[in-house]
>>> print(open('query.cif').read())   # mmCIF, C-alpha atoms
data_final
#
loop_
_atom_site.label_atom_id
_atom_site.label_comp_id
_atom_site.auth_asym_id
_atom_site.auth_seq_id
_atom_site.Cartn_x
_atom_site.Cartn_y
_atom_site.Cartn_z
CA MET T 269 78.04 66.37 243.19
CA LYS T 270 76.40 66.95 246.57
CA LEU T 271 72.93 66.68 244.97
CA LYS T 272 73.84 63.49 243.12
CA ILE T 273 75.25 61.96 246.28
CA ALA T 274 72.23 63.05 248.32
CA GLY T 275 69.95 61.29 245.84
CA ALA T 276 72.03 58.14 245.91
CA ALA T 277 72.13 58.25 249.70
CA ALA T 278 68.32 58.42 249.81
CA LEU T 279 68.17 55.24 247.76
CA LEU T 280 70.82 53.66 249.99
CA SER T 281 68.95 54.60 253.15
CA GLY T 282 65.68 53.32 251.71
CA SER T 283 67.23 50.03 250.72
CA LEU T 284 68.57 49.54 254.23
CA ALA T 285 65.22 50.34 255.78
CA ALA T 286 63.44 47.95 253.45
CA GLY T 287 65.45 45.00 254.72
CA THR T 288 66.32 42.79 251.76
CA ALA T 289 67.43 39.70 253.63
CA SER T 290 67.94 36.60 251.54
CA ALA T 291 68.54 32.97 252.36
CA ASP T 292 72.26 33.78 252.25
CA CYS T 293 72.18 36.04 255.30
CA GLY T 294 69.71 36.75 258.06
CA GLU T 295 69.37 39.61 260.52
CA VAL T 296 72.59 41.33 261.49
CA SER T 297 73.10 43.97 264.20
CA ILE T 298 75.98 46.45 263.96
CA THR T 299 77.02 49.30 266.21
CA GLN T 300 76.53 52.89 265.20
CA MET T 301 79.11 54.47 267.49
CA ASP T 302 78.67 58.14 268.36
CA TRP T 303 81.63 59.57 266.43
CA ALA T 304 81.96 60.38 262.74
CA SER T 305 84.55 57.92 261.42
CA ALA T 306 82.83 54.95 263.07
CA GLN T 307 79.50 56.07 261.62
CA VAL T 308 81.02 56.14 258.13
CA VAL T 309 82.42 52.62 258.64
CA THR T 310 78.99 51.42 259.77
CA ALA T 311 77.19 53.06 256.85
CA VAL T 312 79.61 51.58 254.29
CA ALA T 313 79.60 48.11 255.87
CA SER T 314 75.81 48.14 256.21
CA PHE T 315 75.35 48.96 252.53
CA LEU T 316 77.72 46.22 251.40
CA MET T 317 76.15 43.63 253.71
CA GLU T 318 72.63 44.59 252.64
CA GLN T 319 73.17 44.91 248.91
CA GLY T 320 76.01 42.46 248.36
CA TYR T 321 75.21 39.70 250.84
CA GLY T 322 71.46 40.00 251.36
CA CYS T 323 71.58 40.78 255.07
CA SER T 324 68.87 42.64 256.97
CA VAL T 325 70.96 45.13 258.93
CA GLN T 326 69.98 46.81 262.18
CA GLN T 327 72.19 49.71 263.25
CA VAL T 328 72.38 49.97 267.04
CA PRO T 329 73.34 53.39 268.48
CA SER T 330 76.07 52.84 271.06
CA SER T 331 79.58 53.72 272.21
CA THR T 332 82.59 51.62 273.17
CA VAL T 333 81.97 50.67 276.79
CA PRO T 334 78.20 50.00 276.51
CA ALA T 335 78.73 47.99 273.30
CA LEU T 336 81.35 45.74 274.88
CA THR T 337 79.24 45.33 278.01
CA SER T 338 76.22 44.35 275.92
CA LEU T 339 78.23 41.85 273.90
CA ALA T 340 79.65 40.31 277.08
CA GLU T 341 76.22 39.96 278.69
CA THR T 342 73.93 39.22 275.74
CA GLY T 343 76.17 38.32 272.79
CA GLU T 344 74.86 41.35 270.86
CA PRO T 345 75.34 43.43 268.84
CA ASP T 346 76.84 41.06 266.30
CA ILE T 347 79.39 43.53 264.93
CA LEU T 348 81.38 46.22 266.73
CA THR T 349 82.84 48.81 264.37
CA GLU T 350 85.90 50.92 265.07
CA VAL T 351 86.75 49.66 268.54
CA TRP T 352 89.76 51.53 269.92
CA ALA T 353 91.12 48.41 271.53
CA ASN T 354 93.96 49.99 273.55
CA SER T 355 91.52 52.20 275.40
CA THR T 356 89.38 49.55 277.08
CA PRO T 357 90.71 46.60 279.11
CA ALA T 358 87.46 44.66 278.58
CA TYR T 359 88.33 44.18 274.90
CA GLU T 360 91.28 41.83 275.48
CA THR T 361 89.39 40.02 278.24
CA LEU T 362 86.46 39.27 275.92
CA LYS T 363 88.89 38.08 273.24
CA ALA T 364 90.58 35.74 275.71
CA GLU T 365 87.21 34.38 276.84
CA GLY T 366 86.21 33.67 273.22
CA LYS T 367 83.17 35.95 273.36
CA LEU T 368 84.64 38.36 270.84
CA VAL T 369 86.59 37.70 267.63
CA GLU T 370 88.83 40.38 266.14
CA LEU T 371 88.52 40.48 262.36
CA ALA T 372 90.47 43.46 261.03
CA ASP T 373 92.34 46.67 261.69
CA VAL T 374 89.57 48.87 260.33
CA LEU T 375 91.99 51.84 260.36
CA SER T 376 94.93 50.15 258.72
CA ASP T 377 97.57 52.58 259.96
CA GLY T 378 96.05 52.95 263.41
CA GLY T 379 94.63 55.87 265.29
CA VAL T 380 96.09 58.74 267.30
CA GLU T 381 94.80 59.92 270.67
CA ALA T 382 96.32 62.88 272.46
CA TRP T 383 95.78 66.15 274.30
CA TRP T 384 95.97 69.16 271.98
CA ILE T 385 96.09 72.94 271.72
CA PRO T 386 95.46 74.97 268.53
CA ALA T 387 98.52 75.67 266.36
CA TYR T 388 98.03 79.43 266.71
CA LEU T 389 98.19 79.10 270.52
CA ALA T 390 101.34 77.00 270.29
CA GLU T 391 102.93 79.63 268.06
CA SER T 392 102.13 82.52 270.41
CA ASN T 393 102.78 80.57 273.63
CA PRO T 394 105.20 77.70 272.88
CA GLU T 395 105.49 76.86 276.57
CA LEU T 396 101.90 75.58 276.42
CA THR T 397 103.00 72.62 274.29
CA THR T 398 104.08 70.88 277.52
CA TRP T 399 101.98 69.82 280.50
CA GLU T 400 104.30 71.72 282.83
CA GLY T 401 103.78 74.89 280.83
CA ILE T 402 100.00 74.54 281.04
CA MET T 403 100.09 73.92 284.79
CA ALA T 404 102.22 77.04 285.21
CA ASN T 405 99.50 79.13 283.55
CA PRO T 406 96.13 77.31 283.20
CA ALA T 407 94.38 80.57 282.30
CA ALA T 408 96.38 80.68 279.06
CA VAL T 409 94.44 77.63 277.81
CA GLY T 410 91.15 78.98 279.10
CA GLY T 411 91.29 77.17 282.44
CA LYS T 412 89.45 74.24 280.89
CA PHE T 413 90.20 70.72 279.66
CA HIS T 414 87.69 69.75 276.95
CA ASP T 415 86.93 66.06 277.42
CA CYS T 416 85.00 63.38 275.56
CA PRO T 417 81.44 62.29 276.43
CA SER T 418 80.43 59.84 279.13
CA GLY T 419 80.45 56.25 277.89
CA TRP T 420 83.50 56.70 275.69
CA ALA T 421 86.62 54.81 276.80
CA CYS T 422 88.60 58.08 276.76
CA ASP T 423 86.21 59.47 279.40
CA ILE T 424 87.59 57.05 282.00
CA ILE T 425 91.21 57.26 280.84
CA ASN T 426 91.33 61.04 280.71
CA ASN T 427 89.65 61.37 284.09
CA ASN T 428 92.22 59.07 285.70
CA ASN T 429 95.09 60.82 283.91
CA LEU T 430 93.87 64.18 285.18
CA LYS T 431 93.62 62.80 288.72
CA ALA T 432 97.17 61.46 288.47
CA ALA T 433 98.35 64.81 287.09
CA GLY T 434 96.88 66.57 290.13
CA ILE T 435 94.57 69.14 288.57
CA GLU T 436 92.43 69.55 291.68
CA GLY T 437 92.83 73.13 292.84
CA SER T 438 95.21 73.91 289.99
CA GLY T 439 92.93 76.31 288.13
CA LEU T 440 92.30 73.81 285.35
CA GLU T 441 88.86 72.21 285.28
CA ARG T 442 87.61 69.23 283.32
CA PHE T 443 84.69 70.08 281.04
CA GLN T 444 82.97 66.99 279.70
CA HIS T 445 81.06 67.44 276.46
CA GLY T 446 77.68 65.81 275.99
CA SER T 447 78.46 64.48 272.52
CA GLY T 448 81.21 64.11 269.97
CA GLU T 449 79.53 66.85 267.95
CA THR T 450 79.82 69.48 270.69
CA LEU T 451 83.44 68.52 271.33
CA GLN T 452 84.11 68.99 267.61
CA THR T 453 82.21 72.28 267.54
CA SER T 454 84.22 73.64 270.45
CA ILE T 455 87.43 73.35 268.39
CA ALA T 456 85.84 75.03 265.37
CA ALA T 457 84.47 77.84 267.55
CA ALA T 458 87.86 78.39 269.21
CA TYR T 459 89.51 78.58 265.80
CA ASP T 460 86.97 81.06 264.46
CA ALA T 461 87.53 83.36 267.44
CA LYS T 462 91.26 82.53 267.86
CA GLU T 463 90.54 81.74 271.51
CA PRO T 464 92.38 79.33 273.84
CA TRP T 465 91.42 75.64 273.71
CA PHE T 466 92.92 72.59 275.41
CA GLY T 467 91.59 69.06 275.44
CA TYR T 468 91.35 65.57 274.04
CA TYR T 469 90.83 64.59 270.41
CA TRP T 470 91.80 61.82 268.03
CA ALA T 471 92.71 61.14 264.41
CA PRO T 472 91.78 60.43 261.70
CA THR T 473 89.12 63.11 261.89
CA ALA T 474 87.97 65.93 259.68
CA VAL T 475 88.51 68.31 262.58
CA LEU T 476 92.25 67.73 262.91
CA GLY T 477 92.56 67.82 259.15
CA LYS T 478 90.79 71.16 258.90
CA TYR T 479 92.06 72.81 262.09
CA PRO T 480 95.82 72.39 262.74
CA MET T 481 96.45 71.27 266.31
CA VAL T 482 99.63 70.58 268.29
CA ALA T 483 99.91 67.64 270.69
CA VAL T 484 100.81 68.61 274.26
CA GLU T 485 103.80 66.76 275.66
CA VAL T 486 102.84 64.63 278.66
CA PRO T 487 104.67 61.79 280.43
CA ALA T 488 105.61 58.93 278.09
CA TYR T 489 103.29 55.99 277.56
CA ASN T 490 103.37 53.58 280.48
CA ALA T 491 101.58 50.30 279.78
CA GLU T 492 100.81 49.50 283.42
CA ALA T 493 99.49 52.98 284.19
CA HIS T 494 97.44 53.12 280.98
CA ALA T 495 95.86 49.73 281.72
CA CYS T 496 94.79 50.88 285.18
CA ASN T 497 93.57 54.22 283.84
CA GLY T 498 91.11 52.35 281.62
CA ASP T 499 89.34 51.06 284.73
CA ALA T 500 86.82 53.40 286.35
CA ASN T 501 87.78 51.83 289.70
CA CYS T 502 91.54 52.25 289.23
CA ALA T 503 92.89 52.73 292.75
CA ASN T 504 96.23 54.23 291.77
CA PRO T 505 96.07 56.15 288.47
CA GLY T 506 99.31 57.05 286.73
CA PHE T 507 99.92 59.89 284.30
CA SER T 508 100.58 58.34 280.88
CA ALA T 509 100.37 59.32 277.22
CA TYR T 510 98.15 57.27 274.94
CA PRO T 511 99.83 54.52 272.95
CA ALA T 512 99.51 54.28 269.19
CA ALA T 513 95.95 53.04 268.87
CA LYS T 514 94.82 49.72 267.48
CA VAL T 515 91.41 50.31 265.88
CA ALA T 516 89.54 47.13 265.08
CA THR T 517 86.37 45.54 263.79
CA ALA T 518 85.23 42.74 266.09
CA VAL T 519 82.27 40.37 266.10
CA SER T 520 80.61 38.00 268.52
CA SER T 521 81.72 34.38 268.34
CA ALA T 522 78.12 33.38 267.53
CA PHE T 523 78.07 35.71 264.51
CA MET T 524 81.37 34.28 263.31
CA GLU T 525 79.83 30.80 263.21
CA ARG T 526 76.48 31.95 261.82
CA GLU T 527 77.65 34.26 259.02
CA PRO T 528 81.14 33.18 257.92
CA GLU T 529 80.84 34.75 254.45
CA VAL T 530 79.90 38.15 255.87
CA ALA T 531 82.74 37.80 258.39
CA GLU T 532 85.10 37.35 255.44
CA LEU T 533 83.83 40.65 254.03
CA LEU T 534 84.41 42.42 257.34
CA LYS T 535 87.97 41.08 257.48
CA ASN T 536 88.63 43.15 254.34
CA VAL T 537 86.88 46.38 255.33
CA SER T 538 89.77 48.70 256.14
CA PHE T 539 90.48 52.39 255.56
CA THR T 540 93.75 54.28 255.57
CA ASN T 541 93.85 57.45 257.63
CA ALA T 542 94.16 59.44 254.40
CA GLN T 543 91.03 57.83 252.91
CA MET T 544 89.00 58.30 256.07
CA GLY T 545 90.27 61.83 256.54
CA ASP T 546 89.17 62.68 253.00
CA VAL T 547 85.69 61.27 253.56
CA LEU T 548 85.30 63.03 256.90
CA ALA T 549 86.50 66.36 255.53
CA TRP T 550 83.98 66.06 252.69
CA ARG T 551 81.25 65.19 255.19
CA LEU T 552 82.08 68.20 257.37
CA ASP T 553 82.38 70.67 254.50
CA ASN T 554 79.09 69.52 252.97
CA ASN T 555 77.16 69.05 256.23
CA ALA T 556 76.46 65.55 254.93
CA SER T 557 74.72 62.59 256.52
CA ASN T 558 76.37 59.26 257.27
CA GLU T 559 74.67 57.76 254.22
CA GLU T 560 75.88 60.59 251.97
CA ALA T 561 79.43 60.16 253.29
CA ALA T 562 79.18 56.42 252.60
CA VAL T 563 78.06 57.11 249.02
CA TYR T 564 80.94 59.58 248.62
CA PHE T 565 83.35 56.82 249.66
CA LEU T 566 81.67 54.19 247.46
CA THR T 567 81.78 56.44 244.40
CA SER T 568 85.28 57.82 245.03
CA TYR T 569 87.10 54.64 246.05
CA LYS T 570 85.65 51.88 243.87
CA ASP T 571 89.07 50.32 243.40
CA VAL T 572 89.42 49.99 247.18
CA TRP T 573 86.12 48.39 248.19
CA ALA T 574 85.75 46.22 245.07
CA SER T 575 88.57 44.03 246.40
CA TRP T 576 86.69 43.50 249.67
CA LEU T 577 83.84 41.56 248.04
CA SER T 578 83.25 37.93 247.23
CA GLU T 579 82.72 37.14 243.54
CA GLU T 580 78.97 36.75 244.07
CA ALA T 581 78.66 40.02 245.98
CA ALA T 582 80.71 41.82 243.34
CA GLY T 583 78.20 40.59 240.76
CA LYS T 584 75.29 42.00 242.76
CA LEU T 585 77.05 45.36 243.03
CA SER T 586 78.41 45.38 239.49
CA ALA T 587 76.30 48.41 238.50
CA LEU T 588 78.13 50.51 241.11
CA LEU T 589 81.50 49.30 239.88
CA GLN T 590 81.00 50.49 236.29
#
>>> encode(input="query.cif", output="structure tokens")
Amino acid sequence: MKLKIAGAAALLSGSLAAGTASADCGEVSITQMDWASAQVVTAVASFLMEQGYGCSVQQVPSSTVPALTSLAETGEPDILTEVWANSTPAYETLKAEGKLVELADVLSDGGVEAWWIPAYLAESNPELTTWEGIMANPAAVGGKFHDCPSGWACDIINNNNLKAAGIEGSGLERFQHGSGETLQTSIAAAYDAKEPWFGYYWAPTAVLGKYPMVAVEVPAYNAEAHACNGDANCANPGFSAYPAAKVATAVSSAFMEREPEVAELLKNVSFTNAQMGDVLAWRLDNNASNEEAAVYFLTSYKDVWASWLSEEAAGKLSALLQ
């Protein structure tokens, strides 16, 4: 199956590179965020726009904060995939200003953000499932908080939360990973060696599906504190859990006017956590590319994405729906 999917992915990738724009749709730019689930969303959406709607798609490597800043200042990229809206105050501001239009909850049952320890560590040291327990013995979690890369919204929020929690001089240090891949690898490595690990992660992801983790209890979600924590210049951070996450697809207002039919497609592109978790676990287990993961989804969930398409686009993609 991996070989068949790899071959199909090569054709998919080639078709995207070729740029098959038609009179129906022109050039479209879409974010390629630097984490796995967003990259799958982008690969799937790109294929459907290219092959079903005749768009010429440009994938723009980015992450949440830079993408929103670019849209605010330049109106591009056209499409922002998998925006974790609760984690960045700029999102609601851009919506209110009419620069950004929210189209869909791309993760239909939302996302989860939290601070975690491995299940085996929670079993051997149950006191570490609370923040107070970790502060009483930081060495038991390795003396390190594994944090997300610079440019991610969680970078700012976690940093402010840690300030509010008073980790300075506590024996717990923030370790910021250079990429989502190294953050993921650190969990896998800890599991393989049964070593301590403590840090931030989110779901749906293949990692939390493959490696059981336990959320650490921290102070309850506080809307005011969380809003301030999302600002790098927050003067008075407060310690707050993450809320249940709204995860959206959004587009520029100009794109909405220019490509209404494609916008209708994007309103329908939505994955359950179970579907995305399945795709991501397959991607991880098979060391697959984004394109291969997209083909796995397209071949495994035909009944899901067929309902996303217009009648004309469904006709163009009818061979895949057999």
>>> closest_residue(input="query.cif", among="T:Ile435, T:Ala456, T:Val519, T:Met317", to="Pro345 of chain T", atoms="only C-alpha atoms")
T:Val519
>>> residues_near_point(input="query.cif", point="(88.5, 58.2, 251.7)", cutoff="10 Å", atoms="all atoms listed in the file", output="list in words")
Phe539, Thr540, Asn541, Ala542, Gln543, Met544, Gly545, Asp546, Val547, Leu548, Ala549, Trp550, Ala561, Ala562, Tyr564, Phe565, Leu566, Ser568, Tyr569 and Val572 of chain T
>>> residues_around(input="query.cif", residues="segment 422-430 of chain T", least_positions_apart="5", cutoff="7 Å", atoms="all atoms listed in the file", output="PyMOL selection string")
chain T and resi 355+415-417+435+497-500+505-508
>>> closest_residue(input="query.cif", among="T:Glu449, T:Glu395, T:Asp377, T:Glu463", to="Val475 of chain T", atoms="only C-alpha atoms")
T:Glu449
>>> residues_near_point(input="query.cif", point="(69.1, 53.9, 267.4)", cutoff="12 Å", atoms="only C-alpha atoms", output="JSON, numbers by chain")
{"T": [297, 298, 299, 300, 301, 302, 326, 327, 328, 329, 330, 331]}
>>> closest_residue(input="query.cif", among="T:Ala313, T:Asn536, T:Tyr321, T:Asn354", to="Ala491 of chain T", atoms="only C-alpha atoms")
T:Asn354
>>> closest_residue(input="query.cif", among="T:Val380, T:Cys293, T:Ala340, T:Ala509", to="Glu365 of chain T", atoms="all atoms listed in the file")
T:Ala340
>>> residues_around(input="query.cif", residues="Leu451 of chain T", least_positions_apart="3", cutoff="8 Å", atoms="all atoms listed in the file", output="PDB file with C-alpha atoms, in the frame of the given file")
ATOM      1  CA  HIS T 414      87.690  69.750 276.950  1.00  0.00           C
ATOM      2  CA  ASP T 415      86.930  66.060 277.420  1.00  0.00           C
ATOM      3  CA  CYS T 416      85.000  63.380 275.560  1.00  0.00           C
ATOM      4  CA  HIS T 445      81.060  67.440 276.460  1.00  0.00           C
ATOM      5  CA  GLY T 446      77.680  65.810 275.990  1.00  0.00           C
ATOM      6  CA  SER T 447      78.460  64.480 272.520  1.00  0.00           C
ATOM      7  CA  GLY T 448      81.210  64.110 269.970  1.00  0.00           C
ATOM      8  CA  SER T 454      84.220  73.640 270.450  1.00  0.00           C
ATOM      9  CA  ILE T 455      87.430  73.350 268.390  1.00  0.00           C
TER      10      ILE T 455
END
>>> residues_around(input="query.cif", residues="Gly437 of chain T", least_positions_apart="4", cutoff="12 Å", atoms="all atoms listed in the file", output="count of residues only")
8
>>> resolve_selection(input="query.cif", expression="the PyMOL selection byres ((chain T and resi 360) around 12)", output="ChimeraX atom specification")
/T:336,340,351-359,361-370,495,514,516,518
>>> residues_around(input="query.cif", residues="Glu400 of chain T", least_positions_apart="2", cutoff="12 Å", atoms="only C-alpha atoms", output="list in words")
Pro394, Glu395, Leu396, Thr397, Thr398, Ile402, Met403, Ala404, Asn405, Pro406, Ala433, Gly434, Ile435, Ser438, Val484, Glu485, Val486 and Pro487 of chain T
>>> write_last_selection(input="query.cif", atoms="C-alpha atoms", output="PDB file, in the frame of the given file")
ATOM      1  CA  PRO T 394     105.200  77.700 272.880  1.00  0.00           C
ATOM      2  CA  GLU T 395     105.490  76.860 276.570  1.00  0.00           C
ATOM      3  CA  LEU T 396     101.900  75.580 276.420  1.00  0.00           C
ATOM      4  CA  THR T 397     103.000  72.620 274.290  1.00  0.00           C
ATOM      5  CA  THR T 398     104.080  70.880 277.520  1.00  0.00           C
ATOM      6  CA  ILE T 402     100.000  74.540 281.040  1.00  0.00           C
ATOM      7  CA  MET T 403     100.090  73.920 284.790  1.00  0.00           C
ATOM      8  CA  ALA T 404     102.220  77.040 285.210  1.00  0.00           C
ATOM      9  CA  ASN T 405      99.500  79.130 283.550  1.00  0.00           C
ATOM     10  CA  PRO T 406      96.130  77.310 283.200  1.00  0.00           C
ATOM     11  CA  ALA T 433      98.350  64.810 287.090  1.00  0.00           C
ATOM     12  CA  GLY T 434      96.880  66.570 290.130  1.00  0.00           C
ATOM     13  CA  ILE T 435      94.570  69.140 288.570  1.00  0.00           C
ATOM     14  CA  SER T 438      95.210  73.910 289.990  1.00  0.00           C
ATOM     15  CA  VAL T 484     100.810  68.610 274.260  1.00  0.00           C
ATOM     16  CA  GLU T 485     103.800  66.760 275.660  1.00  0.00           C
ATOM     17  CA  VAL T 486     102.840  64.630 278.660  1.00  0.00           C
ATOM     18  CA  PRO T 487     104.670  61.790 280.430  1.00  0.00           C
TER      19      PRO T 487
END
>>> resolve_selection(input="query.cif", expression="the PyMOL selection byres ((chain T and resi 523) around 10)", output="number ranges by chain")
T: 296-297, 343-347, 368-369, 519-522, 524-528, 530-531
>>> atom_distance(input="query.cif", atom1="atom CA of Trp399 of chain T", atom2="atom CA of Tyr459 of chain T")
21.2 Å
>>> atom_distance(input="query.cif", atom1="atom CA of Trp470 of chain T", atom2="atom CA of Glu391 of chain T")
21.0 Å
>>> atom_distance(input="query.cif", atom1="atom CA of Gly477 of chain T", atom2="atom CA of Leu552 of chain T")
10.6 Å
>>> closest_residue(input="query.cif", among="T:Gly322, T:Gly410, T:Gly401, T:Gly467", to="Val482 of chain T", atoms="only C-alpha atoms")
T:Gly467
>>> resolve_selection(input="query.cif", expression="the PyMOL selection byres ((chain T and resi 466) around 8)", output="PyMOL selection string")
chain T and resi 383-386+409-410+412-414+464-465+467-468
>>> write_last_selection(input="query.cif", atoms="C-alpha atoms", output="PDB file, in the coordinates of the input")
ATOM      1  CA  TRP T 383      95.780  66.150 274.300  1.00  0.00           C
ATOM      2  CA  TRP T 384      95.970  69.160 271.980  1.00  0.00           C
ATOM      3  CA  ILE T 385      96.090  72.940 271.720  1.00  0.00           C
ATOM      4  CA  PRO T 386      95.460  74.970 268.530  1.00  0.00           C
ATOM      5  CA  VAL T 409      94.440  77.630 277.810  1.00  0.00           C
ATOM      6  CA  GLY T 410      91.150  78.980 279.100  1.00  0.00           C
ATOM      7  CA  LYS T 412      89.450  74.240 280.890  1.00  0.00           C
ATOM      8  CA  PHE T 413      90.200  70.720 279.660  1.00  0.00           C
ATOM      9  CA  HIS T 414      87.690  69.750 276.950  1.00  0.00           C
ATOM     10  CA  PRO T 464      92.380  79.330 273.840  1.00  0.00           C
ATOM     11  CA  TRP T 465      91.420  75.640 273.710  1.00  0.00           C
ATOM     12  CA  GLY T 467      91.590  69.060 275.440  1.00  0.00           C
ATOM     13  CA  TYR T 468      91.350  65.570 274.040  1.00  0.00           C
TER      14      TYR T 468
END
>>> closest_residue(input="query.cif", among="T:Ala432, T:Cys323, T:Leu440, T:Ala387", to="Ala408 of chain T", atoms="only C-alpha atoms")
T:Leu440
>>> residues_around(input="query.cif", residues="Leu588 of chain T", least_positions_apart="2", cutoff="10 Å", atoms="only C-alpha atoms", output="list in words")
Leu566, Thr567, Lys570, Ala574, Ala582, Gly583, Lys584, Leu585, Ser586 and Gln590 of chain T
>>> build_atoms(input="query.cif", residues="segment 530-545 of chain T", atoms="N, CA, C and O atoms", output="mmCIF file, keeping the file's coordinate frame")
data_model
loop_
_atom_site.group_PDB
_atom_site.id
_atom_site.type_symbol
_atom_site.label_atom_id
_atom_site.label_comp_id
_atom_site.auth_asym_id
_atom_site.auth_seq_id
_atom_site.Cartn_x
_atom_site.Cartn_y
_atom_site.Cartn_z
ATOM 1 N N VAL T 530 79.926 36.721 255.533
ATOM 2 C CA VAL T 530 79.900 38.150 255.870
ATOM 3 C C VAL T 530 81.127 38.500 256.727
ATOM 4 O O VAL T 530 81.709 39.581 256.583
ATOM 5 N N ALA T 531 81.528 37.573 257.593
ATOM 6 C CA ALA T 531 82.740 37.800 258.390
ATOM 7 C C ALA T 531 83.956 37.959 257.489
ATOM 8 O O ALA T 531 84.842 38.786 257.763
ATOM 9 N N GLU T 532 83.993 37.205 256.392
ATOM 10 C CA GLU T 532 85.100 37.350 255.440
ATOM 11 C C GLU T 532 85.099 38.743 254.821
ATOM 12 O O GLU T 532 86.162 39.335 254.595
ATOM 13 N N LEU T 533 83.920 39.272 254.519
ATOM 14 C CA LEU T 533 83.830 40.650 254.030
ATOM 15 C C LEU T 533 84.420 41.606 255.051
ATOM 16 O O LEU T 533 85.260 42.460 254.718
ATOM 17 N N LEU T 534 83.991 41.483 256.301
ATOM 18 C CA LEU T 534 84.410 42.420 257.340
ATOM 19 C C LEU T 534 85.907 42.344 257.617
ATOM 20 O O LEU T 534 86.506 43.330 258.070
ATOM 21 N N LYS T 535 86.520 41.201 257.341
ATOM 22 C CA LYS T 535 87.970 41.080 257.480
ATOM 23 C C LYS T 535 88.693 42.002 256.495
ATOM 24 O O LYS T 535 89.840 42.396 256.721
ATOM 25 N N ASN T 536 88.011 42.329 255.393
ATOM 26 C CA ASN T 536 88.630 43.150 254.340
ATOM 27 C C ASN T 536 88.315 44.629 254.457
ATOM 28 O O ASN T 536 88.972 45.447 253.812
ATOM 29 N N VAL T 537 87.298 44.974 255.242
ATOM 30 C CA VAL T 537 86.880 46.380 255.330
ATOM 31 C C VAL T 537 87.899 47.156 256.162
ATOM 32 O O VAL T 537 87.991 46.996 257.381
ATOM 33 N N SER T 538 88.687 47.969 255.476
ATOM 34 C CA SER T 538 89.770 48.700 256.140
ATOM 35 C C SER T 538 90.047 49.990 255.385
ATOM 36 O O SER T 538 90.064 50.001 254.148
ATOM 37 N N PHE T 539 90.249 51.064 256.132
ATOM 38 C CA PHE T 539 90.480 52.390 255.560
ATOM 39 C C PHE T 539 91.840 52.910 256.015
ATOM 40 O O PHE T 539 92.213 52.736 257.183
ATOM 41 N N THR T 540 92.565 53.550 255.125
ATOM 42 C CA THR T 540 93.750 54.280 255.570
ATOM 43 C C THR T 540 93.301 55.577 256.221
ATOM 44 O O THR T 540 92.183 56.052 256.004
ATOM 45 N N ASN T 541 94.188 56.168 257.020
ATOM 46 C CA ASN T 541 93.850 57.450 257.630
ATOM 47 C C ASN T 541 93.603 58.510 256.577
ATOM 48 O O ASN T 541 92.730 59.381 256.740
ATOM 49 N N ALA T 542 94.342 58.449 255.467
ATOM 50 C CA ALA T 542 94.160 59.440 254.400
ATOM 51 C C ALA T 542 92.779 59.299 253.762
ATOM 52 O O ALA T 542 92.097 60.297 253.491
ATOM 53 N N GLN T 543 92.357 58.053 253.509
ATOM 54 C CA GLN T 543 91.030 57.830 252.910
ATOM 55 C C GLN T 543 89.930 58.307 253.849
ATOM 56 O O GLN T 543 89.015 59.033 253.440
ATOM 57 N N MET T 544 90.030 57.906 255.122
ATOM 58 C CA MET T 544 89.000 58.300 256.070
ATOM 59 C C MET T 544 89.005 59.801 256.297
ATOM 60 O O MET T 544 87.948 60.441 256.393
ATOM 61 N N GLY T 545 90.190 60.384 256.368
ATOM 62 C CA GLY T 545 90.270 61.830 256.540
ATOM 63 C C GLY T 545 89.618 62.575 255.393
ATOM 64 O O GLY T 545 88.936 63.582 255.597
#
